[in-house]
Amino acid sequence: MNRTWTSRLVIFLTLAFLIGPFFVIIAAALSGGNSLAFPPQGFSLRWFIAVFEVKSFRASFGLSMFLAVFGTLAALLLGVPAAYAVTRYRIPFGEAVRMAVAAPIIVPGIIVGLALLRYLVVPIGMTVTVALFLAHTALVLPYAVRVVAASLENLRPDIEEAAVLLGCTRFGAFRRTVLPNIRGGILAAFILGFVTSFNQVPVSLFLSGPGVRTLPIDMLAYIEMTYDPSVAALSALLAFLSIGIVFAAERFLGLSRYV
Amino acid sequence: MRKHSFLAIAAALAASPAMSEDRTLTISVYGFNQDKFEELLYQPFEEICGCDIVVETGNSVERLAKIEAHAADPVIDMAVISSHDALGAARKGLLQPIDVSKLSNYDKLYDFAKDPLGDNLAVGYTFYATSIVYRSDKVGIESWSDLLSDELADYAAFPDITTTQAPISLYMLGKALGDDGHSMATPISAIGEKAGNFVTFYTRSSQLAQLFQQEEVYAAPVGRFAWSRFAGSELPIAWAAPGEGQTGGINVMIMTKDNGNEDLAHEFMDYWLSTEIQTKLAEALVDSPANSEVVVADDVAENLSYGADFVSTINMLSPAVILDNRDGWISNWNETVIQ
Amino acid sequence: MRTNRAEALALVLPAALFATAIFLVPVGILLSEAFRSGGTWSVDAYFEFFSQPLNQTVFFRTLKLGVLVTAVSAVIGYVAAFCIVGLEPRNRGRIFGLVVLPLMISPVARTYAWIVILGRTGIVNQAILGLGISDTPVRILFTETAVFIGLLQLFMPLMIISLVSAMENLPRDAISAARVLGANWLQVFLRVILPLTREGLVIGGTLVFTGSLTAYITPAILGGAKVLMLETLLYQRVTVANDFLSASVIAMILIVMSFSANVLLKRVATSRRGGTP
């Protein structure tokens, strides 16, 4: 065997380990039998249809979508100005500020969820939904700041200075010259944030209440209760959703430049 | 659909304090058979009361912990939990007495269900037997101690020490080993010695049914309330009649303190205890009736723990015994078994 | 760089205050709780925690699995990254995309697949029975092996990504030069590749180790009550007993472990560079 073939074999085996399980899940989901099995017994789409009939999945999918979309938007609202400040200004206590914004990445999610439950939800009677929203926003914030800052760094500051000299206000200059140029970065941050929030489990573990559950938490509970292939079907659908989003992002925006 | 959910959640975010003005009843129940409860109990009640039922599910001890965490501002209005967890909640001051005068079906209950904790702090709504469920094509179960047999090496499961099923199963195992004291020292050390027999220690009975389906487990103690899940399987699964007898317990309804929704909660409890609903739940093999007026066909009775006579044959542990000894069992278990 | 303080603060403060209020303050209170047992500042809670045999077992198991997963993904990661970097640029992009892909998919779905694969009726056991390696199915679920496999699949992409990025800057001639001068592959790795990619190893290693410590789903589904890890123990202590003291002790342990891993990896990586011949 020559070098090229050895290296192809290594890559193939590594990918088989990393991606292979999804093919198993998809095959199991297409099974016509009543229990999870591989190789599948017969072929049918009924488990994919069954997913849409589980009432709690519909509600939890709605909640997860809501958190992913609006949590990420809120994070961008906070994160874009911060990213701008980080790249364009010398900030007093810059390091401390940077640490504060990045903290959500360093602290294990389960601790964050527990801390919010104990010190926000219980004592001041905040609803679990609000706490989830705040937690997901904070969780996405570091990604928003980092990705947007990366695309701001690639943008020369003099264009905007020129706009100011030509009579624009600071904000006007930002809106007309900077914003259009970092649109790609903002979209990339949105997609990263969306995926992070949508798949998030540990933070949401403690932040669930009667009737309030995110989709991954709901799936965890469902897995324990059923052994039919509907969870495999749901997993496959979620995998396709993520793959679709990432593929589109890579295709149109070159997401990997920002990761 | 998606838009609709967004709006609903956005509305909830904006106006959550207003929620309490709607007629909403928040209940905390076992995760089992929720589709049937939805059809037979929740939906019909929602139509009668014109209110919404919001359901939280989980095992008894986890849901009790949540009720305690939210004690200052209760989220849950009424809950159904094991009788000893109910006693635990009562001792912590989390409960208020149920006003049995508001329960029109109260007098129909078997005596054991009427006031199991005293002071009307709880009302029994069902009881169950617990025995060993096993794969009849793989093993035979004659005694609780058969769980420790070499035949079951790496194929048995036992309830986790924190669950409701664990103390009563340990008690029966102890009985089989000749020690029916409340220290549980004999059965715990026996399980520790035979730890290799046990695939896992399960925390929810629903999870156990799945492990049987996957052929990970051939035998495990489990409550009769879970039986329909096993009986519906294509595998040959049987319910053991061990020489030492069966064990079991009572599940009760409780009312959380100062929940502000007492009227609706009483109404719901009464509906759940009615002959009509208890019959339907029994016929669907969901829960054994605590209402003595319920009469079911023989084939249903065979699948349920049924009737006052049957209750008297079950080896139960009193709630106080479980509550007073549990901490000791847990630390002994953690040192002996989980190591 | 502008230096207008007021403007800069106005832009950055909302984010910083938000992160402080939602993250730092609640987490800080939670962590400090374990130092305040009995009304005064003390570390008794930690001694108490480690005095229990179960907690010791869980701590060492978590440490062991974290180290194992990190080490194995580093070994596989180096080989895989080396092969990927050797590809022509177009293919390199595609393969890189496939490595990143699993990171975007729900960890619940990823872990669930292993139930199907590792179960007694799963593919692995069918292969074992089919090949006659054993007469009876081998139990893999609810063992440390199952948790190890699950964690490895979950976090190896992070290691590969970090190493590929580091190796892209590696001058190809350095390796061929070393080979020409008679170095064997081990020497090439230790003297050339490792020193030049240590940044990537530190980043990847920290990500994988921290990820393995703080994963919840994998130990919960594939390990269960018999193979508790710190994360599942924390969850169990809170949900079963409202034991917040143990929870904050575990939280502090997890943070200290992640932080020390980072420091240690940096140390190891730099010491190798100037290491003995």
# chains A, B, ... in the order shown; residues from 1 in each chain; ligands from 1

call {"tool": "interface_residues", "arguments": {"of": "chain C", "to": "chain A", "cutoff": "6 Å", "atoms": "only C-alpha atoms", "output": "list of chain:residue names"}}
result
C:Met1, C:Arg2, C:Thr3, C:Ala8, C:Leu11, C:Val12, C:Ala15, C:Ala16, C:Ala19, C:Pro26, C:Val27, C:Leu30, C:Ala80, C:Cys83, C:Met104, C:Ile105, C:Ser106, C:Ala109, C:Ala113, C:Gln153, C:Thr214

call {"tool": "closest_atom_pairs", "arguments": {"of": "chain A", "to": "chain B", "cutoff": "9 Å", "atoms": "only C-alpha atoms", "output": "JSON lines"}}
result
{"residue": "A:Ser35", "atom": "CA", "partner": "B:Gln213", "partner_atom": "CA", "distance": 7.7}
{"residue": "A:Leu36", "atom": "CA", "partner": "B:Gln214", "partner_atom": "CA", "distance": 8.2}
{"residue": "A:Ala37", "atom": "CA", "partner": "B:Gln214", "partner_atom": "CA", "distance": 8.9}
{"residue": "A:Arg58", "atom": "CA", "partner": "B:Ser5", "partner_atom": "CA", "distance": 8.7}
{"residue": "A:Ala59", "atom": "CA", "partner": "B:Ser5", "partner_atom": "CA", "distance": 7.1}
{"residue": "A:Phe61", "atom": "CA", "partner": "B:Arg2", "partner_atom": "CA", "distance": 8.5}
{"residue": "A:Gly62", "atom": "CA", "partner": "B:Ser5", "partner_atom": "CA", "distance": 5.3}
{"residue": "A:Leu63", "atom": "CA", "partner": "B:Ile9", "partner_atom": "CA", "distance": 7.1}
{"residue": "A:Met65", "atom": "CA", "partner": "B:Phe6", "partner_atom": "CA", "distance": 8.1}
{"residue": "A:Phe66", "atom": "CA", "partner": "B:Phe6", "partner_atom": "CA", "distance": 5.9}
{"residue": "A:Arg118", "atom": "CA", "partner": "B:Ala69", "partner_atom": "CA", "distance": 8.3}
{"residue": "A:Val121", "atom": "CA", "partner": "B:His70", "partner_atom": "CA", "distance": 9.0}
{"residue": "A:Val122", "atom": "CA", "partner": "B:His70", "partner_atom": "CA", "distance": 6.2}
{"residue": "A:Pro123", "atom": "CA", "partner": "B:Ala72", "partner_atom": "CA", "distance": 8.2}
{"residue": "A:Gly125", "atom": "CA", "partner": "B:Asp73", "partner_atom": "CA", "distance": 7.3}
{"residue": "A:Thr127", "atom": "CA", "partner": "B:Ser16", "partner_atom": "CA", "distance": 7.2}
{"residue": "A:Thr129", "atom": "CA", "partner": "B:Leu13", "partner_atom": "CA", "distance": 6.7}
{"residue": "A:Val130", "atom": "CA", "partner": "B:Leu13", "partner_atom": "CA", "distance": 6.1}
{"residue": "A:Gly209", "atom": "CA", "partner": "B:Glu56", "partner_atom": "CA", "distance": 7.0}
{"residue": "A:Pro210", "atom": "CA", "partner": "B:Glu56", "partner_atom": "CA", "distance": 4.4}
{"residue": "A:Gly211", "atom": "CA", "partner": "B:Val54", "partner_atom": "CA", "distance": 5.8}
{"residue": "A:Val212", "atom": "CA", "partner": "B:Glu56", "partner_atom": "CA", "distance": 8.9}
{"residue": "A:Ala221", "atom": "CA", "partner": "B:Gly58", "partner_atom": "CA", "distance": 8.9}
{"residue": "A:Ile223", "atom": "CA", "partner": "B:Gln207", "partner_atom": "CA", "distance": 8.2}
{"residue": "A:Glu224", "atom": "CA", "partner": "B:Gln207", "partner_atom": "CA", "distance": 4.7}
{"residue": "A:Met225", "atom": "CA", "partner": "B:Ser206", "partner_atom": "CA", "distance": 4.9}
{"residue": "A:Thr226", "atom": "CA", "partner": "B:Gln210", "partner_atom": "CA", "distance": 6.2}
{"residue": "A:Tyr227", "atom": "CA", "partner": "B:Gln210", "partner_atom": "CA", "distance": 5.5}

call {"tool": "residues_around", "arguments": {"residues": "stretch 42-54 of chain C", "least_positions_apart": "2", "cutoff": "7 Å", "atoms": "only C-alpha atoms", "output": "VMD selection string"}}
result
(chain B and resid 334 to 335 338 to 339) or (chain C and resid 34 to 37 40 56 to 58 246 249)

call {"tool": "residues_around", "arguments": {"residues": "C:Leu233", "least_positions_apart": "3", "cutoff": "10 Å", "atoms": "only C-alpha atoms", "output": "PyMOL selection string"}}
result
chain C and resi 54-55+58-59+216+220+225+227-230+236-239+246-247+250

call {"tool": "interface_residues", "arguments": {"of": "chain B", "to": "chain C", "cutoff": "6 Å", "atoms": "only C-alpha atoms", "output": "ChimeraX atom specification"}}
result
/B:61-62,65,200-201,334

call {"tool": "write_last_selection", "arguments": {"atoms": "N, CA and C atoms", "output": "short mmCIF file (atom, residue, chain, number, x, y, z; two decimals), in the first residue's frame"}}
result
data_model
loop_
_atom_site.label_atom_id
_atom_site.label_comp_id
_atom_site.auth_asym_id
_atom_site.auth_seq_id
_atom_site.Cartn_x
_atom_site.Cartn_y
_atom_site.Cartn_z
N VAL B 61 -39.72 11.04 43.58
CA VAL B 61 -38.78 11.78 44.41
C VAL B 61 -38.28 13.03 43.70
N GLU B 62 -38.11 12.95 42.38
CA GLU B 62 -37.68 14.13 41.62
C GLU B 62 -38.73 15.23 41.64
N ALA B 65 -38.82 16.92 44.96
CA ALA B 65 -37.72 17.88 45.11
C ALA B 65 -38.06 19.20 44.43
N THR B 200 -27.96 -2.51 35.38
CA THR B 200 -28.05 -1.11 35.78
C THR B 200 -29.04 -1.00 36.93
N PHE B 201 -29.08 0.17 37.54
CA PHE B 201 -30.08 0.47 38.55
C PHE B 201 -30.99 1.52 37.97
N ASN B 334 -24.69 3.34 48.70
CA ASN B 334 -23.61 4.02 47.98
C ASN B 334 -22.24 3.45 48.33
#

call {"tool": "residues_around", "arguments": {"residues": "B:Gly93", "least_positions_apart": "6", "cutoff": "10 Å", "atoms": "only C-alpha atoms", "output": "list in words"}}
result
Glu68, Ala71, Leu87, Thr256 and Lys257 of chain B

call {"tool": "write_last_selection", "arguments": {"atoms": "C-alpha atoms", "output": "short mmCIF file (atom, residue, chain, number, x, y, z; two decimals), in the first residue's frame"}}
result
data_model
loop_
_atom_site.label_atom_id
_atom_site.label_comp_id
_atom_site.auth_asym_id
_atom_site.auth_seq_id
_atom_site.Cartn_x
_atom_site.Cartn_y
_atom_site.Cartn_z
CA GLU B 68 -39.82 21.78 47.63
CA ALA B 71 -42.30 26.03 48.01
CA LEU B 87 -45.33 11.96 54.19
CA THR B 256 -49.61 21.87 47.81
CA LYS B 257 -49.74 24.56 50.47
#
